[in-house]
$ cat protein_15.cif   # mmCIF, C-alpha atoms
data_final
#
loop_
_atom_site.label_atom_id
_atom_site.label_comp_id
_atom_site.auth_asym_id
_atom_site.auth_seq_id
_atom_site.Cartn_x
_atom_site.Cartn_y
_atom_site.Cartn_z
CA MET A 1 -23.94 21.72 18.38
CA LYS A 2 -22.85 18.47 19.95
CA THR A 3 -23.72 15.48 17.80
CA THR A 4 -22.82 11.80 18.11
CA VAL A 5 -22.90 9.12 15.44
CA SER A 6 -24.17 5.87 16.86
CA ALA A 7 -22.00 2.78 16.94
CA PHE A 8 -24.62 1.23 14.69
CA LEU A 9 -24.00 3.76 11.91
CA LEU A 10 -20.25 3.49 12.30
CA SER A 11 -20.47 -0.27 11.93
CA LEU A 12 -22.50 0.22 8.77
CA PHE A 13 -19.91 2.61 7.43
CA PHE A 14 -16.97 0.33 7.95
CA SER A 15 -18.23 -3.21 7.59
CA PHE A 16 -21.61 -3.79 5.97
CA ALA A 17 -21.77 -4.90 2.33
CA HIS A 18 -23.92 -2.63 0.22
CA ALA A 19 -26.72 -3.96 -1.94
CA ALA A 20 -27.94 -0.68 -3.37
CA LYS A 21 -28.33 -0.33 -7.12
CA VAL A 22 -26.10 2.30 -8.72
CA ASP A 23 -27.04 3.82 -12.08
CA THR A 24 -24.70 6.08 -14.04
CA LEU A 25 -26.76 8.04 -16.53
CA ALA A 26 -26.37 10.83 -19.08
CA ILE A 27 -29.34 13.12 -18.43
CA ALA A 28 -30.28 15.70 -21.02
CA SER A 29 -30.21 19.35 -20.06
CA ALA A 30 -32.30 21.53 -22.35
CA ALA A 31 -30.89 24.63 -20.65
CA MET A 32 -27.33 23.74 -21.67
CA GLY A 33 -27.97 21.66 -24.78
CA LYS A 34 -25.91 18.75 -23.52
CA SER A 35 -26.17 15.63 -21.39
CA ILE A 36 -24.90 15.61 -17.81
CA LYS A 37 -23.47 12.49 -16.18
CA THR A 38 -25.25 11.63 -12.94
CA VAL A 39 -24.96 8.78 -10.44
CA ILE A 40 -28.25 7.66 -8.87
CA ILE A 41 -28.15 5.26 -5.92
CA GLN A 42 -31.37 3.34 -5.33
CA PRO A 43 -31.65 1.26 -2.13
CA GLU A 44 -32.46 -2.41 -2.23
CA GLY A 45 -36.12 -3.04 -1.53
CA GLY A 46 -37.09 0.47 -2.54
CA SER A 47 -39.17 -0.46 -5.56
CA GLY A 48 -42.82 0.45 -5.21
CA LYS A 49 -42.16 2.90 -2.37
CA GLU A 50 -42.18 6.69 -2.36
CA LEU A 51 -38.65 7.18 -1.10
CA PRO A 52 -36.98 10.37 0.09
CA THR A 53 -34.28 11.83 -2.16
CA LEU A 54 -30.97 13.42 -1.25
CA TYR A 55 -29.06 15.40 -3.87
CA LEU A 56 -25.35 15.12 -3.05
CA LEU A 57 -23.03 17.60 -4.80
CA HIS A 58 -19.30 17.38 -5.47
CA GLY A 59 -16.68 20.09 -5.06
CA TYR A 60 -14.57 22.20 -7.39
CA SER A 61 -12.62 20.17 -9.99
CA GLY A 62 -14.65 17.09 -9.05
CA ASN A 63 -17.30 15.12 -10.88
CA TYR A 64 -20.38 12.94 -10.52
CA SER A 65 -18.40 9.86 -9.42
CA ASN A 66 -16.47 11.44 -6.53
CA TRP A 67 -18.81 10.47 -3.71
CA VAL A 68 -19.32 6.82 -4.69
CA ASN A 69 -15.63 6.31 -5.52
CA ASN A 70 -14.17 8.06 -2.48
CA VAL A 71 -16.80 7.06 0.07
CA PRO A 72 -18.22 3.67 -1.01
CA ALA A 73 -20.16 3.46 2.26
CA VAL A 74 -22.54 6.09 0.85
CA LYS A 75 -24.13 3.18 -1.02
CA THR A 76 -24.50 1.16 2.16
CA LEU A 77 -26.02 4.06 4.03
CA ALA A 78 -28.48 4.78 1.21
CA ASP A 79 -29.54 1.14 1.46
CA GLN A 80 -29.86 1.12 5.24
CA MET A 81 -31.61 4.50 5.42
CA GLN A 82 -33.87 3.76 2.44
CA MET A 83 -33.19 6.95 0.52
CA VAL A 84 -32.32 7.63 -3.10
CA ILE A 85 -29.05 9.55 -3.42
CA VAL A 86 -28.43 11.58 -6.58
CA CYS A 87 -24.91 12.76 -7.46
CA PRO A 88 -24.94 15.03 -10.52
CA ASP A 89 -21.94 16.36 -12.36
CA GLY A 90 -21.65 20.05 -11.57
CA GLY A 91 -18.93 20.90 -14.05
CA PHE A 92 -15.31 21.58 -13.15
CA GLY A 93 -16.18 24.92 -11.53
CA SER A 94 -19.84 25.82 -11.98
CA TRP A 95 -20.57 26.66 -8.35
CA TYR A 96 -24.05 25.39 -9.31
CA TRP A 97 -25.05 28.79 -10.64
CA ASP A 98 -26.77 29.77 -13.86
CA SER A 99 -23.85 31.78 -15.18
CA PRO A 100 -25.01 35.06 -16.72
CA ASN A 101 -22.13 34.99 -19.21
CA ASP A 102 -21.77 31.32 -20.17
CA LYS A 103 -24.67 29.26 -21.51
CA ASN A 104 -22.65 26.08 -20.94
CA PHE A 105 -22.89 26.67 -17.19
CA GLN A 106 -26.59 26.66 -16.29
CA TYR A 107 -26.28 24.24 -13.40
CA GLU A 108 -28.89 25.83 -11.15
CA THR A 109 -31.55 25.10 -13.75
CA PHE A 110 -30.18 21.61 -14.35
CA VAL A 111 -30.00 20.47 -10.72
CA ALA A 112 -32.98 22.26 -9.17
CA LYS A 113 -35.38 21.82 -12.10
CA GLU A 114 -34.36 19.44 -14.89
CA LEU A 115 -32.73 16.79 -12.71
CA VAL A 116 -35.42 16.86 -10.00
CA SER A 117 -38.06 16.46 -12.71
CA TYR A 118 -36.17 13.52 -14.26
CA VAL A 119 -35.73 11.72 -10.94
CA ASN A 120 -39.39 12.26 -10.00
CA LYS A 121 -40.51 10.72 -13.30
CA ASN A 122 -38.13 7.77 -13.40
CA TYR A 123 -37.54 6.67 -9.81
CA PRO A 124 -39.84 5.64 -6.93
CA VAL A 125 -39.43 8.88 -5.00
CA ALA A 126 -41.85 11.10 -3.13
CA ASN A 127 -42.70 14.32 -4.95
CA ASP A 128 -42.70 16.24 -1.70
CA ARG A 129 -40.26 18.95 -0.61
CA ASN A 130 -40.23 17.48 2.89
CA LYS A 131 -38.89 14.25 1.43
CA ARG A 132 -36.23 16.02 -0.64
CA GLY A 133 -32.91 17.40 0.58
CA ILE A 134 -29.64 18.67 -0.85
CA THR A 135 -26.09 18.85 0.47
CA GLY A 136 -22.51 18.74 -0.77
CA LEU A 137 -18.87 19.44 -0.07
CA SER A 138 -16.87 22.61 -0.67
CA MET A 139 -18.21 24.17 -3.91
CA GLY A 140 -21.08 21.71 -3.55
CA GLY A 141 -21.75 22.85 0.02
CA HIS A 142 -22.20 26.39 -1.19
CA GLY A 143 -24.20 25.07 -4.14
CA ALA A 144 -26.54 23.07 -1.94
CA LEU A 145 -27.39 26.04 0.30
CA TYR A 146 -27.62 28.40 -2.69
CA LEU A 147 -30.04 26.11 -4.55
CA ALA A 148 -32.13 25.33 -1.48
CA ILE A 149 -32.55 29.00 -0.58
CA ARG A 150 -33.52 29.88 -4.14
CA HIS A 151 -35.84 26.87 -4.47
CA GLN A 152 -37.56 26.50 -1.11
CA ASP A 153 -40.59 25.02 -2.85
CA THR A 154 -38.37 22.16 -4.05
CA PHE A 155 -36.12 21.36 -1.07
CA GLY A 156 -37.18 21.02 2.55
CA ALA A 157 -33.72 20.54 4.03
CA ALA A 158 -30.21 21.59 3.08
CA GLY A 159 -26.73 20.88 4.30
CA SER A 160 -23.14 21.85 3.66
CA THR A 161 -19.91 20.16 4.62
CA ALA A 162 -16.82 22.41 4.39
CA GLY A 163 -18.77 24.70 2.09
CA GLY A 164 -17.41 27.86 0.52
CA VAL A 165 -20.35 29.72 2.01
CA ASP A 166 -18.92 33.19 1.34
CA ILE A 167 -17.20 33.47 -2.02
CA ARG A 168 -16.08 37.10 -1.70
CA PRO A 169 -12.88 36.52 0.33
CA PHE A 170 -11.62 34.41 -2.60
CA PRO A 171 -12.15 36.59 -5.70
CA ASN A 172 -9.32 35.03 -7.71
CA ASN A 173 -9.98 31.38 -6.94
CA TRP A 174 -11.79 28.38 -8.38
CA ASP A 175 -13.13 29.84 -11.65
CA MET A 176 -15.69 32.03 -9.92
CA SER A 177 -14.72 35.09 -11.96
CA LYS A 178 -15.25 33.05 -15.13
CA ARG A 179 -18.84 32.44 -14.09
CA LEU A 180 -19.66 35.91 -12.68
CA GLY A 181 -17.05 38.31 -14.00
CA GLU A 182 -14.34 39.99 -11.93
CA TYR A 183 -15.38 40.82 -8.37
CA ALA A 184 -14.01 44.37 -8.58
CA GLU A 185 -16.28 45.06 -11.56
CA HIS A 186 -19.33 43.01 -10.57
CA ALA A 187 -19.55 43.19 -6.78
CA ASP A 188 -23.35 43.37 -6.80
CA LEU A 189 -23.56 40.15 -8.81
CA TRP A 190 -21.15 38.40 -6.45
CA ASN A 191 -23.27 39.54 -3.48
CA THR A 192 -26.42 37.99 -4.95
CA HIS A 193 -24.57 34.73 -5.65
CA THR A 194 -22.99 34.14 -2.24
CA VAL A 195 -24.87 32.27 0.49
CA MET A 196 -23.66 34.71 3.13
CA GLU A 197 -25.79 37.47 1.59
CA MET A 198 -28.86 35.28 0.96
CA THR A 199 -29.93 34.54 4.51
CA HIS A 200 -32.69 37.17 4.38
CA LEU A 201 -34.38 35.07 1.69
CA ILE A 202 -34.95 32.11 4.03
CA LYS A 203 -38.65 31.98 4.83
CA PRO A 204 -39.71 31.26 8.43
CA LYS A 205 -39.98 27.52 9.15
CA SER A 206 -39.10 26.74 5.55
CA LEU A 207 -35.65 25.12 5.46
CA THR A 208 -34.09 22.74 7.96
CA LEU A 209 -30.34 23.44 7.85
CA PHE A 210 -27.15 21.64 8.91
CA ILE A 211 -23.68 23.10 8.38
CA ASP A 212 -20.37 21.49 9.34
CA CYS A 213 -16.72 22.33 8.78
CA GLY A 214 -13.32 21.16 9.98
CA THR A 215 -11.38 23.45 12.28
CA GLU A 216 -8.26 23.31 10.06
CA ASP A 217 -10.22 24.04 6.87
CA PHE A 218 -9.55 27.28 4.95
CA PHE A 219 -13.35 27.73 4.83
CA TYR A 220 -13.69 27.39 8.61
CA ASP A 221 -13.87 31.14 9.32
CA VAL A 222 -16.61 31.82 6.77
CA ASN A 223 -18.62 28.89 8.08
CA CYS A 224 -18.37 30.22 11.62
CA LYS A 225 -19.48 33.64 10.39
CA LEU A 226 -22.47 32.13 8.61
CA HIS A 227 -23.39 30.25 11.79
CA GLU A 228 -23.15 33.51 13.77
CA LYS A 229 -25.27 35.36 11.21
CA LEU A 230 -27.97 32.69 11.25
CA ASP A 231 -28.00 32.85 15.04
CA TYR A 232 -28.28 36.64 14.95
CA MET A 233 -31.21 36.40 12.52
CA ASN A 234 -32.90 33.70 14.64
CA ILE A 235 -32.81 31.24 11.74
CA PRO A 236 -32.87 27.71 13.21
CA HIS A 237 -29.99 25.52 12.08
CA ARG A 238 -27.48 23.01 13.31
CA PHE A 239 -23.75 23.73 13.23
CA LEU A 240 -20.95 21.25 13.83
CA SER A 241 -17.20 21.83 13.93
CA MET A 242 -14.67 19.10 14.51
CA PRO A 243 -10.99 18.54 13.79
CA GLY A 244 -10.21 18.18 10.12
CA ALA A 245 -8.92 19.86 6.98
CA HIS A 246 -10.32 20.34 3.47
CA ASN A 247 -9.89 16.75 2.31
CA TRP A 248 -11.54 13.36 1.95
CA ASP A 249 -10.33 12.23 5.38
CA TYR A 250 -12.68 14.84 6.84
CA TRP A 251 -15.55 14.28 4.37
CA LYS A 252 -15.53 10.53 5.00
CA LYS A 253 -16.40 11.39 8.61
CA SER A 254 -18.69 14.33 8.01
CA ILE A 255 -20.92 12.50 5.54
CA LEU A 256 -22.05 10.25 8.38
CA TYR A 257 -23.35 13.26 10.27
CA GLN A 258 -24.88 14.70 7.13
CA LEU A 259 -26.75 11.53 6.16
CA THR A 260 -27.92 10.99 9.73
CA PHE A 261 -29.28 14.55 9.76
CA PHE A 262 -31.24 14.01 6.53
CA ASN A 263 -32.47 10.60 7.64
CA ASP A 264 -33.81 12.18 10.83
CA PHE A 265 -35.44 14.96 8.80
CA PHE A 266 -37.11 12.56 6.37
CA ASN A 267 -38.47 10.50 9.24
CA SER A 268 -39.54 13.42 11.40
CA SER A 269 -43.16 14.35 12.03
CA LYS A 270 -42.61 17.46 9.92
CA ALA A 271 -41.69 15.37 6.91
CA ALA A 272 -44.36 12.72 7.47
#
$ encode --input "protein_15.cif" --output "structure tokens"
Amino acid sequence: MKTTVSAFLLSLFFSFAHAAKVDTLAIASAAMGKSIKTVIIQPEGGSGKELPTLYLLHGYSGNYSNWVNNVPAVKTLADQMQMVIVCPDGGFGSWYWDSPNDKNFQYETFVAKELVSYVNKNYPVANDRNKRGITGLSMGGHGALYLAIRHQDTFGAAGSTAGGVDIRPFPNNWDMSKRLGEYAEHADLWNTHTVMEMTHLIKPKSLTLFIDCGTEDFFYDVNCKLHEKLDYMNIPHRFLSMPGAHNWDYWKKSILYQLTFFNDFFNSSKAA
């Protein structure tokens, strides 16, 4: 896919002062019996409107503050695009699953159910799947696609930037065995928890998808394979590759494409 970011958006990214309101909250999770820190960005002038919502997930070893601290322009773009952006804490290495062996890691239930319910009740957002999207980086890219596929009644669009979209080539990395058990002993469980083996669950005309990855990223091959599989299965999606590694230099660029994609989705006739 060839995509361009307009000079207008680039100027916003680099120069405009943001006026969005940023809340940092501790939101109760009944599923885990604890409160989860979450950043919620509300655009200026959004009060009284039914705004679209984008859930923006962090990566492994990260936290709720990563996006706003590392890419301050996210606040500006939320303001200019008139969307609420929600950045939950996903734990050090939850992969946004409900872990079958650790009750402290029930992040699928928290993000897709408890957090969505909280935001709907407390912020001026549209309670409409076509006005609700989810994306993230690395672990959060996998998490966004995983949650969207499993909750197609909740999310109308999903993205991933440098996502670990197939966990199986990395059985000893990033705490995944702590959440699921060892791959050699629980291969079936790993298969049901990796995006690469969930594509058959995507309902026709249900999810609008956008995947990007840097060509020097260690997740580049699995992202290309997911793109090829989606093509083979005739599942519509957008795929973007561009130079970059698995770092914030790349994500500072890719988030522009991601937010533009969701802004287009929210303002499309489908989402009207």
$ resolve_selection --input "protein_15.cif" --expression "the PyMOL selection byres ((chain A and resi 263) around 10)" --output "list in words"
Pro52, Leu54, Leu77, Ala78, Met81, Gln82, Met83, Lys131, Gly133, Tyr257, Gln258, Leu259, Thr260, Phe261, Phe262, Asp264, Phe265, Phe266, Asn267 and Ser268 of chain A
$ residues_near_point --input "protein_15.cif" --point "(-15.0, 42.2, -4.9)" --cutoff "10 Å" --atoms "all atoms listed in the file" --output "PyMOL selection string"
chain A and resi 167-172+182-191
$ closest_atom_pairs --input "protein_15.cif" --of "segment 25-71 of chain A" --to "segment 134-148 of chain A" --cutoff "12 Å" --atoms "all atoms listed in the file" --output "JSON lines"
{"residue": "A:Pro52", "atom": "CA", "partner": "A:Ile134", "partner_atom": "CA", "distance": 11.1}
{"residue": "A:Thr53", "atom": "CA", "partner": "A:Ile134", "partner_atom": "CA", "distance": 8.4}
{"residue": "A:Leu54", "atom": "CA", "partner": "A:Ile134", "partner_atom": "CA", "distance": 5.4}
{"residue": "A:Tyr55", "atom": "CA", "partner": "A:Ile134", "partner_atom": "CA", "distance": 4.5}
{"residue": "A:Leu56", "atom": "CA", "partner": "A:Gly136", "partner_atom": "CA", "distance": 5.1}
{"residue": "A:Leu57", "atom": "CA", "partner": "A:Gly136", "partner_atom": "CA", "distance": 4.2}
{"residue": "A:His58", "atom": "CA", "partner": "A:Gly140", "partner_atom": "CA", "distance": 5.1}
{"residue": "A:Gly59", "atom": "CA", "partner": "A:Met139", "partner_atom": "CA", "distance": 4.5}
{"residue": "A:Tyr60", "atom": "CA", "partner": "A:Met139", "partner_atom": "CA", "distance": 5.4}
{"residue": "A:Ser61", "atom": "CA", "partner": "A:Met139", "partner_atom": "CA", "distance": 9.2}
{"residue": "A:Gly62", "atom": "CA", "partner": "A:Met139", "partner_atom": "CA", "distance": 9.4}
{"residue": "A:Asn63", "atom": "CA", "partner": "A:Gly140", "partner_atom": "CA", "distance": 10.6}
{"residue": "A:Tyr64", "atom": "CA", "partner": "A:Gly140", "partner_atom": "CA", "distance": 11.2}
{"residue": "A:Asn66", "atom": "CA", "partner": "A:Leu137", "partner_atom": "CA", "distance": 10.6}
{"residue": "A:Trp67", "atom": "CA", "partner": "A:Gly136", "partner_atom": "CA", "distance": 9.5}
$ residues_near_point --input "protein_15.cif" --point "(-24.4, 31.6, 1.5)" --cutoff "9 Å" --atoms "only C-alpha atoms" --output "NGL selection string"
:A and (142-143 or 145-146 or 149 or 163-167 or 193-199 or 226)
$ closest_residue --input "protein_15.cif" --among "A:Pro204, A:Pro43, A:Gly93, A:Pro88" --to "Ser29 of chain A" --atoms "only C-alpha atoms"
A:Pro88
$ atom_distance --input "protein_15.cif" --atom1 "atom CA of Ser65 of chain A" --atom2 "atom CA of Trp248 of chain A"
13.7 Å
